[in-house]
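A short write-up of the structure that comes next.
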Amino acid sequence: MQISYRWLKEYIQTDLSPEDMSVIFTSVGLEVDSMEAWCPVKGGLEGFVVGEVLTCERHPNADRLSVTTVNVGKDAPLGVVCGAPNVAAGQKVVVATIGTTVYMNGDSFEIKKSKIRGVESEGMICAEDELGLGASHDGILVLDASAVPGTLAKDYFKVETDCIFEIGLTPNRIDAASHIGMARDLAAYLAVHVPTFSKERDFRLPSVEHFAVDNHQLPITVIVENIEACPRYAGVTISGVRIASSPEWLQNRLRAIGLSPINNVVDVTNFILHEMAQPLHAFDADKIIGGKVIVKTLPADTPFVTLDGVERKLADNDLMICNAQQGMCIGGVFGGLESGISEQTVNVFLESAYFNPVYIRRTARRHGLNTDASFRFERGIDPVNTVYVLKRAAMLIKEVAGGTISSEIVDINSAPAQPFAVQLNYQRINQLIGKEIASDTIQKILEALEIQVEKRTPEGLDVKIPPYRVDVQREADVVEDILRIYGYNNVEFGDELHATLSSTQKPEREKIVNAISDFLSNSGFNEILSNSLTKTAYYEDSEVYKAGNTVKILNPLSQDLGCMRQTLLYGGLEAVIYNINHRNPDLKLFEFGNCYVKEERAGQTLPGFTEHQHLSLFVTGSKNAANWNTSGQPADFYTIKAYAGNVLNRLGISTRSLTVKEAESNELFSESLVYYADKTVTVLEIATVHPKLLKRFDIKTPVYYADFRWDVVLNLLNRVKISYKEIPRFPEVFRDLSLLVDKPVKFAEIARAANIAEQKLLKDVLLFDVYEGDKIADGKKSYAVRFTLQDTQQTLTDHQIDKVMQRIAGALEKETGAQVRQ
């Protein structure tokens, strides 16, 4: 929000500099984000002076140029070559002296001493557009004869520089969303801290005592049908206005805060908005069909064209300002295309209202409209100020656009606003602030804040808060306001500081969970959330998850919610069949969730019960979608194995550091691999869900499952050491071996034996083919394995490579019985 220093000073009598004022604003909670100098004329007319043309003669070498001498108040006149046709001796003009920067048509140039067609020129006599005071370039600007040579142009034209505050307004301080609101807080601070400042004398609001109705020639009937959405609506008509450009002072006020002037009537409504935080709307009274303004809602999907030319479909709770036949404006949000002020407008109906913030907020969000009006209405403006603002605006329109006030003010106030009553306790005030403040000081601050003291007791005060302070309705809110004005910096720390220091456990669980969730989502997985309460029947006959370990609910709502889950498997399978039944058979799902077991363990928070966090992955259907050149490939065990391995790799946990064992099939899984840390602590289980279990869920396609013991995974992260390694400069070498092994031998045994045999140069072991067939003896199979070797210090020679491969081959034969096939 932008606030003008000069505009602000129209309401408060103070000699504070912009810098001092900004310090006060920030100290009372209206933080100044930045300050910027502003001038209505670019460059501020620096370097321009008033001059008098002493002589004017035709240029000897150019028919269209004149050679002049100009008195600019210095000892000697300046010689200036001028091309304007209207230059003449005796004129008072504006001269750009040497070194002056001239801004013109979006460009700029510096005045330098130069020769023009052989004649020396020491400046430039300026036209209106060269000064930035208009658009005319027909000739030089001729001043009044009373102008004094040597007078600075900025003083002659009374160009006022300004300072613009950028205020970081918090959402609760809508009362300060205007120049008067800011001045009011400044006055409250000065009334408490500056003895010579009197708020009654030095803070003044614009007077409306001279408001008067001129005639009754243009009455408009106002009907409010939805009083919940519009508790107060006021209006007045002004006839005989002349739409034109606003006077310079009004245009400059708006330009200073970043607004573009439109016309005199609309500019007044924008001026009032930023003066008093009260949005107004001006209608062309001749376009109000039937002479009626009706505040109501319209049926859903009613089309309405807003001021930006967009047709919008209304909801049935969008508040509309209508005439006798149709909508004219979305109340408190955006005007209509047909009913606004135009160059042809002669008669105006001026609206000032208080709208229900909830209605405005919903409508603005629904239509994606964020206007200056909706910003204020949806936060709650002053409901008492409605008529005062209307009078102020009507008087200004008369001043800048002419016309007469042609009706009485219509004011429909169905729910008059009442002050908020709050009881204050001195002890509570001092406790919240952390310092004892004298009761007289508290009362002085409250009076400065326009908070009325109704009753005084030795224990505290009964006060009434003005309705414009919508954010102050509780004792704690009033205490905060007292502290704002008293000064946060005036609360001293005692000799002792009592505080609690806390540190976040590493690794940070939530950050890790979020990182893996993002990783899986980017890999095509969708997150599911299943109920922690599940069916007791899942565990009644289970050999894996014992019924005796089930945490049962004492008063279950149903048997479907009779116990706490011991695994995420069943909830995931419920999600799988739900999606399959809704024609979504290709699934990749994940879930973070807690599992609950009834068991005795040391260090339990709740004796007899344990809670573990798990991460589960589910894959079924095709692992990639079919398209015109690729058929869909079904997911398999290795699909889920790859995703599970990628999760560990993302966390920096190498699967080589874990022990892998094949588990026996059971009622849940037809095949599975279990990864252990320290050879006994389960980290991860990867499995194919047993067809019998799938049949219980009526699932006809294979489902592959991975279950991470997440608490164990987080503990392993403490062992992960991140270190920098330079990218090797020397090439990798690949060697393939065809190995004949017994069928029970797993590739993991091959990889482990190879890594033990060569720990320095062996970087990777990859299985790229498995063969079982006619040329292989019974009980045997063939593995095609690729070994990657690399030395970080030198290029490997054939001799070194052969030596390493012989050592690996020997270790494989010894540990697994593998024979190298020739």
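Identifiers in this document derive from the order of the structure tokens: chains are assigned A, B, ..., residues are numbered from 1 separately in each chain, and ligands are numbered from 1 in order of occurrence.
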| task | Could you find all residues in range 687-807 of chain A that DSSP calls alpha helix (DSSP H) from the backbone, and write them as JSON, numbers by chain? | result | {"A": [691, 692, 693, 694, 695, 696, 710, 711, 712, 713, 714, 715, 716, 717, 747, 748, 749, 750, 751, 752, 753, 754, 755, 756, 757, 798, 799, 800, 801, 802, 803, 804, 805, 806, 807]}
message: Using DSSP secondary structure from the backbone, list all strand (DSSP E or B) positions within range 32-136 of chain A, as a ChimeraX atom specification.
response: /A:32-38,48-58,66-71,78-82,92-97,101-104,107-110,114-116,119-121,123-125,127
Per residue of range 296-364 of chain A within 10 Å of range 391-394 of chain A, which atom pair is closest and at what distance in Å (one decimal), using only C-alpha atoms, listed by chain and increasing number, as CSV?
```
residue,atom,partner,partner_atom,distance
A:Val348,CA,A:Ala394,CA,9.8
A:Phe349,CA,A:Ala394,CA,9.8
A:Leu350,CA,A:Ala394,CA,7.6
A:Glu351,CA,A:Ala393,CA,9.9
A:Ser352,CA,A:Ala393,CA,9.5
```
Quiz item: Separation of CA of Asp698 in chain A and CA of Thr567 in chain A, in Å?
Solution: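 We find that CA of Asp698 in chain A and CA of Thr567 in chain A lie 19.5 Å from each other.
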Could you give me, as a Markdown table, a per-residue list for range 35-107 of chain A showing, wherever an atom lies at most 7 Å from an atom of range 119-132 of chain A, the closest pair of atoms and their distance in Å to one decimal, using only C-alpha atoms and sorting by chain then residue number from low to high?
```
| residue | atom | partner | partner_atom | distance |
| --- | --- | --- | --- | --- |
| A:Val41 | CA | A:Gly132 | CA | 5.7 |
| A:Lys42 | CA | A:Gly132 | CA | 6.7 |
| A:Leu45 | CA | A:Leu131 | CA | 7.0 |
| A:Leu78 | CA | A:Glu122 | CA | 6.0 |
| A:Gly79 | CA | A:Ser121 | CA | 5.5 |
| A:Val80 | CA | A:Ser121 | CA | 4.5 |
| A:Val81 | CA | A:Ser121 | CA | 5.3 |
| A:Cys82 | CA | A:Ile125 | CA | 6.6 |
| A:Val93 | CA | A:Ile125 | CA | 6.8 |
| A:Val94 | CA | A:Cys126 | CA | 5.8 |
| A:Val95 | CA | A:Ile125 | CA | 4.5 |
| A:Ala96 | CA | A:Met124 | CA | 5.1 |
| A:Thr97 | CA | A:Gly123 | CA | 4.7 |
| A:Ile98 | CA | A:Gly123 | CA | 5.6 |
| A:Val102 | CA | A:Glu130 | CA | 6.5 |
| A:Tyr103 | CA | A:Glu130 | CA | 6.6 |
| A:Met104 | CA | A:Glu130 | CA | 5.6 |
```
